[in-house]
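Colleague: What follows is a single structure, and I will ask about it in a moment.
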Amino acid sequence: MIIIGEKINGSIPSVAKAIAARDADFLINLAKKQEEAGATFIDVCASVDPEIEFETLKWMVEVIQDNIDTPLCIDSPNADMLLDIIPICKKPGLFNSVSMEGTKVDHVFPKIADTKWECFALLSDDKGIPKTAADRIRVFENLMAKAKEYGIAPNRLHIDPLVEMLCTSENGIETVVEVITYIKEHYPTIHISGAISNISFNLPARKLINMGFVTLAMNAGMDSGIFDPTDKTLLGIIYATEALLGLDDFCMEYITAYREERIAPPAVKKA
């Protein structure tokens, strides 16, 4: 599983406070913890007012990349602003994100085509979030036509099938599973991603829903995700699922993660 560490996001109150105070040590500590937990990318999202977003994200990127080796996932709904952040990054990472809304793809894909940057892509367009699997697949095929036009290989893309709240979904995760299955059948090297915790918003015992979802999604083909890599129980579920799906020869990755104490079994209350 490609792990995109989610903890450095200004939408989290403690992170927002650190950003406002320019508390570099707080952000560095969060980045190092996620790196030590095995994150593939560290997501960096300012979540501040648009007029100060560039300078804020620039400061965050500079502080974090000077203290860790893990590549960054630069994150903002403003794709054009993120293009200005790319030259500040010391190494290629993950661009988060584009969609088929407006001209995002036509602005971003040409700029990253001849680089090693990977790109997160949402299956939404100018009509919004498609409700059916067929409409999401239509958006996906339009996206892939653009990727082909600009020379973006499928293995550089992380497709978000649009993980929504389970409690307001009309058909559970049936639509998401159908979309994931279609994409992986037609583009085996592409990555399927998403914010794991989106599924459990407004539900009690959210971690249980998250763990159930990640198992089902991985079985359908999800191989990338935005989540907390320091959550040893969720990470344990991911390693266990990879082993059960035959993606971990002789369970060596699972065993190593357990020995290194990066994963842990769920806590059991004593009677």
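Residue numbering restarts at 1 for every chain of the structure tokens, chains are lettered A, B, ... in their displayed order, and ligands are numbered from 1 as they appear.
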List every residue of stretch 193-242 of chain A that has an atom at most 9 Å from any atom of stretch 35-59 of chain A, giving for each one its closest atom pair and the distance in Å to one decimal, counting only C-alpha atoms, sorted by chain and then by ascending residue number, as CSV.
Modeller:
residue,atom,partner,partner_atom,distance
A:Ile226,CA,A:Asp43,CA,8.1
A:Asp228,CA,A:Ala39,CA,8.9
A:Pro229,CA,A:Ala37,CA,5.8
A:Thr230,CA,A:Ala37,CA,5.7
A:Asp231,CA,A:Ala37,CA,8.8
A:Lys232,CA,A:Ala37,CA,8.6
Colleague: May I have a table of the residues of stretch 57-174 of chain A lying at most 10 Å from stretch 204-219 of chain A, giving each one's closest pair of atoms and their distance in Å to one decimal, counting only C-alpha atoms, ordered by chain and ascending residue number, as a tab-separated table?
Modeller:
residue	atom	partner	partner_atom	distance
A:Val163	CA	A:Phe213	CA	9.9
A:Leu166	CA	A:Ile209	CA	8.8
A:Ile173	CA	A:Phe213	CA	8.2
Colleague: Using only C-alpha atoms, can you tell me which of A:Met222, A:Ile190, A:Leu203, A:Ala24 comes closest to A:Asn155?
Modeller: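 Using only C-alpha atoms, A:Asn155 sits closest to A:Ile190.
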Colleague: If you run DSSP over the backbone, which residues in stretch 98-269 of chain A end up alpha helix (DSSP H)? Put them as a count of residues only.
Modeller: 76
Colleague: May I have all residues of stretch 49-264 of chain A that DSSP, computed from the backbone, assigns to strand (DSSP E), given as an MDAnalysis selection string?
Modeller: chainID A and resid 72:75 94:100 118:125 157:160 191:192 224:227
Colleague: Residues of the last selection are to be written out with C-alpha atoms, as an mmCIF file, in the first residue's frame.
Modeller:
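Written out: result_35.cif:
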data_model
loop_
_atom_site.group_PDB
_atom_site.id
_atom_site.type_symbol
_atom_site.label_atom_id
_atom_site.label_comp_id
_atom_site.auth_asym_id
_atom_site.auth_seq_id
_atom_site.Cartn_x
_atom_site.Cartn_y
_atom_site.Cartn_z
ATOM 1 C CA LEU A 72 5.868 15.379 -0.086
ATOM 2 C CA CYS A 73 2.294 15.328 -1.299
ATOM 3 C CA ILE A 74 1.521 18.999 -1.913
ATOM 4 C CA ASP A 75 -2.196 19.470 -1.338
ATOM 5 C CA LEU A 94 2.687 13.786 -5.390
ATOM 6 C CA PHE A 95 0.559 16.630 -6.788
ATOM 7 C CA ASN A 96 -2.810 16.715 -4.992
ATOM 8 C CA SER A 97 -4.890 17.262 -7.022
ATOM 9 C CA VAL A 98 -6.546 17.610 -10.419
ATOM 10 C CA SER A 99 -10.001 16.696 -11.683
ATOM 11 C CA MET A 100 -11.955 17.193 -14.867
ATOM 12 C CA GLU A 118 2.938 11.751 -9.623
ATOM 13 C CA CYS A 119 -0.590 13.150 -9.608
ATOM 14 C CA PHE A 120 -3.744 12.605 -7.554
ATOM 15 C CA ALA A 121 -6.923 12.846 -9.639
ATOM 16 C CA LEU A 122 -10.552 13.086 -8.538
ATOM 17 C CA LEU A 123 -13.339 11.644 -10.680
ATOM 18 C CA SER A 124 -15.433 14.809 -10.692
ATOM 19 C CA ASP A 125 -16.094 17.278 -13.496
ATOM 20 C CA LEU A 157 -1.696 8.624 -11.443
ATOM 21 C CA HIS A 158 -3.522 8.073 -8.156
ATOM 22 C CA ILE A 159 -7.230 7.948 -8.963
ATOM 23 C CA ASP A 160 -9.731 8.846 -6.259
ATOM 24 C CA HIS A 191 -3.010 3.563 -8.524
ATOM 25 C CA ILE A 192 -6.370 3.764 -6.764
ATOM 26 C CA SER A 224 -2.877 3.830 -2.200
ATOM 27 C CA GLY A 225 -4.524 5.811 0.556
ATOM 28 C CA ILE A 226 -4.527 9.000 2.595
ATOM 29 C CA PHE A 227 -4.620 8.069 6.273
#
Colleague: Interatomic distance between atom CA of A:Pro92 and atom CA of A:Val176?
Modeller: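 Between atom CA of A:Pro92 and atom CA of A:Val176 the gap works out to 29.0 Å.
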Colleague: For A:Ala153, list every protein, DNA or RNA residue within 12 Å, evaluated using only C-alpha atoms, and leave out those in the same chain fewer than 4 positions away; present the list as a ChimeraX atom specification.
Modeller: /A:109,112-119,143-149,157-158,187-191
Colleague: Let me make sure I understand: among A:Asp249, A:Glu164, A:Glu170, A:Asp23, which one has the smallest atom-to-atom distance to A:Ser197 if we use only C-alpha atoms?
Modeller: A:Glu164
Colleague: Give the answer as one residue: which of A:Ala267, A:Ile88, A:Leu234, A:Ile152 has the shortest atom-to-atom distance to A:Gln65, using only C-alpha atoms?
Modeller: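 Of the candidates, the smallest distance to A:Gln65 is held by A:Ile88.
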Colleague: Could you state the separation of atom CA of A:Glu6 and atom CA of A:Ala133 in Å, given to one decimal place?
Modeller: 26.6 Å
Colleague: Would you mind reading off the distance between atom CA of A:Gly221 and atom CA of A:Phe201, one decimal, in Å?
Modeller: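 Interatomic distance here is 22.6 Å.
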Colleague: Using only C-alpha atoms, which protein or nucleic acid residues come within 10 Å of A:Glu261? Drop anything in the same chain fewer than 3 positions from it, and give the result as a PDB file with C-alpha atoms, in the first residue's frame.
Modeller:
ATOM      1  CA  ALA A  37       5.763   4.780  10.549  1.00  0.00           C
ATOM      2  CA  LYS A 232      -0.955   0.906  14.262  1.00  0.00           C
ATOM      3  CA  GLY A 236      -1.964  -3.722  10.774  1.00  0.00           C
ATOM      4  CA  ILE A 255       6.090 -10.082   9.985  1.00  0.00           C
ATOM      5  CA  THR A 256       8.695  -7.330   9.621  1.00  0.00           C
ATOM      6  CA  ALA A 257       6.168  -4.587  10.398  1.00  0.00           C
ATOM      7  CA  TYR A 258       5.054  -6.488  13.506  1.00  0.00           C
ATOM      8  CA  ALA A 264      -0.327  -3.680  16.553  1.00  0.00           C
TER       9      ALA A 264
END
